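**Q** Structure below; questions to follow.
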4 protein chains.
Amino acid sequence: MARSTLDAIYYGAIEAFSEKGYNDTSMDYVAEKAGVAKGTLYYNFKGKDELFLYVMKRGAHSLTDVITNVFDQPADPVTKWRNYISTQLAFFEQNRSFFRLIMQNMWGPNLLESVTLHELFHDYFVRMDQELQKAQELGLLSESMDISTLSASIFGMLTIPAIRSIVHDLPIDEEKRVNSITHTVLQSFKGGETI
Amino acid sequence: MARSTLDAIYYGAIEAFSEKGYNDTSMDYVAEKAGVAKGTLYYNFKGKDELFLYVMKRGAHSLTDVITNVFDQPADPVTKWRNYISTQLAFFEQNRSFFRLIMQNMWGPNLLESVTLHELFHDYFVRMDQELQKAQELGLLSESMDISTLSASIFGMLTIPAIRSIVHDLPIDEEKRVNSITHTVLQSFKGGETI
Amino acid sequence: MARSTLDAIYYGAIEAFSEKGYNDTSMDYVAEKAGVAKGTLYYNFKGKDELFLYVMKRGAHSLTDVITNVFDQPADPVTKWRNYISTQLAFFEQNRSFFRLIMQNMWGPNLLESVTLHELFHDYFVRMDQELQKAQELGLLSESMDISTLSASIFGMLTIPAIRSIVHDLPIDEEKRVNSITHTVLQSFKGGETI
Amino acid sequence: MARSTLDAIYYGAIEAFSEKGYNDTSMDYVAEKAGVAKGTLYYNFKGKDELFLYVMKRGAHSLTDVITNVFDQPADPVTKWRNYISTQLAFFEQNRSFFRLIMQNMWGPNLLESVTLHELFHDYFVRMDQELQKAQELGLLSESMDISTLSASIFGMLTIPAIRSIVHDLPIDEEKRVNSITHTVLQSFKGGETI
DNA sequence: CATGAATGAGGGTTCATTCAT
DNA sequence: GATGAATGAACCCTCATTCAT
């Protein structure tokens, strides 16, 4: 199959980088995990940077797919957000080490000259902004709320508890966590007279 | 003065690490920024890890000071949380590159064998948990909320928008952002019948 | 046509090697310049060494052709030598980068186990030795002169000024140079009482 | 002594490069020959290029010393040129592999961005040009001769026979060679009516 | 206390060569 | 005949660490 070598590299690289982080992962180790020779990595990618970026891009894409699928379903807004939260948390749970990798590298200096890893998640935030816009138009969300701040906040409400428990490698009462976060997120939509 | 060399190292190191991140900062560069010889770093610290940890500890301490000072003030809970948010955001703004450094390294694999950087922020979360506990006891916060999830969520509501704007190096309408986040946080305290 | 692939390789290789030298020319680059796949190079040649040797041999052959054509013309000796010089210099001028390539590799360690590149020019020196022998027999050249030293000297009188101006990429008063060198060479034939 | 490490590197490097040429000499091999660790090479030089250039510069300097010493002696011009030839040839003989190294690299592409190795020999040719100028003023050399061509030619008359015999590793009748070349060089000074 | 020359393990990258198609 | 994906040995270089001064 045409993609087989590339796929082997992808899965080996995601495993290697997730385990050790970008800097502590040697190309030798990636090659070993991928089951290919080191030269093959360089035959398919210009260098470590480009390989890493490829991994992150494929990963960011699958992350964005989650949000897209949820919000494209026909459902009332509250159900959508509830689904978004539980689906996203489940995704993090199923891809613990990769999610951790993302959180490590989202804030770094530019990896390549012009591309911040953060930009990879541009689509993600765009989709969330759209949905918040809709909520605002429906009167579910106060007009005074700054949408791009809120989308980042919601992302934070979700991810920080998730990454925190992952870093500590603690088992979590999944249902309780989903409920708490759902509550937090949905409350943030309500009323505007809190200040 | 006894502390002068150590201080020179501290300030040089924080500058160097903030600029380039842990891995891309060489001991040579730290020495240059600190204005001391490389050997002096090793005279004062066992190695790069220990030096970095020292920097992060002093930094985490000053971060924790913020939350402590705010919550120790006599004030009603709502005012306290409002102050906490604005003070914390101001701290991030004043220490942009160091805050970025923290966010990069909070989720990493254990830096030394037994110490996760995240543990450095243990005190921070403990203090917040205490305050949330109080709020719960005062009936400001629903009994059903999971406190450790909520404290992480609140941290996320604050930091992700902040780090996002720092990474993108965008100027921000500070007041609007504080208001949006304050609203979000305080709303999360309200009612429990959202689910 | 049978020779077309081989010729494509030859012209691509001579261009590539002349531009970058032996070591800095990759087989990939030769393949690109030749417009064939890398595997094709290995289908036609055992390896890089053999390919390079082939290029040098074809080149050395055309260099030797020059000297042969000149000395095979019926003319008096002085005219012959004058023609030799101007023709040779013109050849260098028309094949600047290839000539430079030759001069770089003439003195190296043996490229293959048993073949020095210098030996490629064996025919060249043999032909010159013959002509000097004739001159000696005609009494044009002192009996005391060592012919193999002289042929090398003459080659040096020609090539060093040529390569020097090529390396410096300087425009040259061609006529003046030919005259100077012709004078130098022909003078070396005269008298024997200088020592 | 302050220079001892640098000297060890110098002598090790000259030995290594002379034996294998620039490209086929690894930094590991230089370190081994020099009796220092590889890191020491990089502590003292930016890279392989700079180290090589240093070696060539020190070498070019000692080559230039020869010509300077000879021509600074009080003697009649003919004696000077005779001494120059024999001294230079002796120098080549005593530094066979280094001389070969020079001849290999004199014609290469620029090693660093702005410095051609050939420029290292600038002083050498300047000194020879001065001496030829003097000869012209004394009437020993025809006014019509192009000096910079002639200095290169003389260098060629000397070096090509020398390098040729070195490459072929042939024993040479030293005296006969000196005589032949001296004759050739001195003859080139005479008369101008050959053309 | 402080220094900086010296070290060497380890990493990213190149590239001549092979071989299944 | 020709191809190009795959290989892995070898190379240049970095940098945390040591230690004699």
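Chain labels follow the order of the structure tokens: the first chain is A, the next B, and so on; residue numbering restarts at 1 in every chain, and ligands are counted from 1 in their shown order.
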Determine, counting only C-alpha atoms (C1' of nucleotides), which protein, DNA and RNA residues have an atom within 8 Å of an atom of Phe155 (chain B); residues of the same chain fewer than 6 positions away are not included. Present the result as a ChimeraX atom specification.
**A** /A:156-157,160
**Q** List as an NGL selection string the protein and nucleic acid residues near Met56 (chain B), meaning an atom at most 8 Å away when only C-alpha atoms (C1' of nucleotides) are counted, but skip any in the same chain fewer than 4 places from it.
**A** :B and (52 or 60 or 102 or 117 or 120)
**Q** Counting only C-alpha atoms, which residues of chain C sit at most 6 Å from some atom of chain D, and what is each one's closest atom pair with its distance in Å to one decimal, listed by chain and rising residue number, as JSON lines?
**A**
```
{"residue": "C:Gln104", "atom": "CA", "partner": "D:Gln104", "partner_atom": "CA", "distance": 5.2}
{"residue": "C:Trp107", "atom": "CA", "partner": "D:Gln104", "partner_atom": "CA", "distance": 5.8}
{"residue": "C:Met145", "atom": "CA", "partner": "D:Ser180", "partner_atom": "CA", "distance": 5.5}
{"residue": "C:Thr149", "atom": "CA", "partner": "D:Pro161", "partner_atom": "CA", "distance": 5.6}
{"residue": "C:Ala152", "atom": "CA", "partner": "D:Pro161", "partner_atom": "CA", "distance": 4.9}
{"residue": "C:Ser153", "atom": "CA", "partner": "D:Met157", "partner_atom": "CA", "distance": 4.0}
{"residue": "C:Gly156", "atom": "CA", "partner": "D:Gly156", "partner_atom": "CA", "distance": 3.9}
{"residue": "C:Met157", "atom": "CA", "partner": "D:Ser153", "partner_atom": "CA", "distance": 4.0}
{"residue": "C:Ile160", "atom": "CA", "partner": "D:Gly156", "partner_atom": "CA", "distance": 5.3}
{"residue": "C:Pro161", "atom": "CA", "partner": "D:Ala152", "partner_atom": "CA", "distance": 4.9}
{"residue": "C:Ser180", "atom": "CA", "partner": "D:Met145", "partner_atom": "CA", "distance": 5.5}
{"residue": "C:Thr184", "atom": "CA", "partner": "D:Ser188", "partner_atom": "CA", "distance": 4.6}
{"residue": "C:Gln187", "atom": "CA", "partner": "D:Ser188", "partner_atom": "CA", "distance": 5.3}
{"residue": "C:Ser188", "atom": "CA", "partner": "D:Thr184", "partner_atom": "CA", "distance": 4.6}
```
**Q** Using only C-alpha atoms, find the one residue out of B:Glu131, B:Asp123, B:Lys57, B:Asn44 that sits nearest to Tyr84 (chain B).
**A**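 Using only C-alpha atoms, Tyr84 (chain B) sits closest to B:Glu131.
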**Q** Find the residues of chain F in contact range of chain A, meaning any atom within 12 Å when counting only C-alpha atoms (C1' of nucleotides), and list them as a PyMOL selection string.
**A** chain F and resi 4-9
**Q** Emit the selected residues as a compact mmCIF listing (two decimals), in the first residue's frame, including N, CA and C atoms (P, O5', C5', C4', C3', O3' and C1' of nucleotides).
**A**
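Saved file out_26.txt follows:
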```
# COMPACT_ATOMS: atom_id res chain seq x y z
P DG F 4 11.99 7.51 -10.93
O5' DG F 4 11.84 7.20 -9.37
C5' DG F 4 10.92 6.22 -8.93
C4' DG F 4 11.28 5.80 -7.52
C3' DG F 4 11.87 6.91 -6.64
O3' DG F 4 11.55 6.63 -5.28
C1' DG F 4 13.40 5.22 -6.78
P DA F 5 10.43 7.39 -4.54
O5' DA F 5 10.10 6.40 -3.33
C5' DA F 5 9.44 5.17 -3.61
C4' DA F 5 9.97 4.06 -2.72
C3' DA F 5 10.13 4.45 -1.25
O3' DA F 5 9.74 3.31 -0.47
C1' DA F 5 12.23 3.76 -2.11
P DA F 6 9.69 3.44 1.11
O5' DA F 6 11.10 2.84 1.55
C5' DA F 6 11.38 1.46 1.28
C4' DA F 6 12.79 1.14 1.69
C3' DA F 6 13.20 1.60 3.10
O3' DA F 6 13.53 0.45 3.87
C1' DA F 6 14.88 2.13 1.49
P DT F 7 14.02 0.63 5.35
O5' DT F 7 15.61 0.61 5.22
C5' DT F 7 16.22 -0.45 4.51
C4' DT F 7 17.70 -0.21 4.39
C3' DT F 7 18.41 0.14 5.71
O3' DT F 7 19.30 -0.90 6.03
C1' DT F 7 19.14 1.54 3.93
P DG F 8 19.49 -1.37 7.51
O5' DG F 8 20.90 -0.69 7.86
C5' DG F 8 22.02 -0.96 7.03
C4' DG F 8 23.10 0.08 7.30
C3' DG F 8 23.27 0.46 8.79
O3' DG F 8 24.65 0.77 9.01
C1' DG F 8 22.83 2.38 7.59
P DA F 9 25.47 -0.14 9.95
O5' DA F 9 26.95 0.19 9.46
C5' DA F 9 27.26 0.12 8.07
C4' DA F 9 28.05 1.36 7.64
C3' DA F 9 29.07 1.86 8.66
O3' DA F 9 30.24 2.26 7.95
C1' DA F 9 27.54 3.61 8.14
```
**Q** CA of Thr87 (chain D) and CA of Glu174 (chain D), how far apart in Å?
**A**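 Separation between CA of Glu174 (chain D) and CA of Thr87 (chain D): 11.7 Å.
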**Q** Pick out the chain E residues within 9 Å of chain A. Count only C-alpha atoms (C1' of nucleotides). Give them as a list in words.
**A** DG11, DG12 and DT13 of chain E
**Q** For those residues, write C-alpha atoms (C1' of nucleotides) to a file as an mmCIF file, in the first residue's frame.
**A**
```cif
data_model
loop_
_atom_site.group_PDB
_atom_site.id
_atom_site.type_symbol
_atom_site.label_atom_id
_atom_site.label_comp_id
_atom_site.auth_asym_id
_atom_site.auth_seq_id
_atom_site.Cartn_x
_atom_site.Cartn_y
_atom_site.Cartn_z
ATOM 1 C "C1'" DG E 11 22.427 13.681 18.184
ATOM 2 C "C1'" DG E 12 20.889 15.282 13.541
ATOM 3 C "C1'" DT E 13 21.976 14.731 8.933
#
```
**Q** Report, in Å with one decimal, the straight-line distance from CA of Leu141 (chain B) to CA of Phe121 (chain B).
**A**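 Answer for the CA of Leu141 (chain B) to CA of Phe121 (chain B) separation: 23.7 Å.
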**Q** Could you give me the residues within region 9-159 of chain D that DSSP places in helix (DSSP H, G or I), as number ranges by chain?
**A** D: 9-20, 27-34, 38-44, 48-72, 77-94, 96-105, 117-137, 147-159
**Q** List as a ChimeraX atom specification the protein and nucleic acid residues near Gly35 (chain D), meaning an atom at most 8 Å away when only C-alpha atoms (C1' of nucleotides) are counted, but skip any in the same chain fewer than 6 places from it.
**A** /D:8-9,12
**Q** Store the residues picked out above in a file with N, CA and C atoms, as an mmCIF file, in the first residue's frame.
**A**
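What landed in again.cif:
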```cif
data_model
loop_
_atom_site.group_PDB
_atom_site.id
_atom_site.type_symbol
_atom_site.label_atom_id
_atom_site.label_comp_id
_atom_site.auth_asym_id
_atom_site.auth_seq_id
_atom_site.Cartn_x
_atom_site.Cartn_y
_atom_site.Cartn_z
ATOM 1 N N ALA D 8 49.644 21.167 19.174
ATOM 2 C CA ALA D 8 49.343 19.744 19.019
ATOM 3 C C ALA D 8 48.291 19.560 17.930
ATOM 4 N N ILE D 9 47.285 20.422 17.958
ATOM 5 C CA ILE D 9 46.250 20.346 16.929
ATOM 6 C C ILE D 9 46.853 20.627 15.558
ATOM 7 N N GLY D 12 48.969 17.710 14.375
ATOM 8 C CA GLY D 12 48.107 16.568 14.094
ATOM 9 C C GLY D 12 47.285 16.782 12.832
#
```
**Q** Mind giving me the straight-line distance from CA of Tyr11 (chain C) to CA of Asp169 (chain C) in Å, one decimal?
**A** 23.2 Å
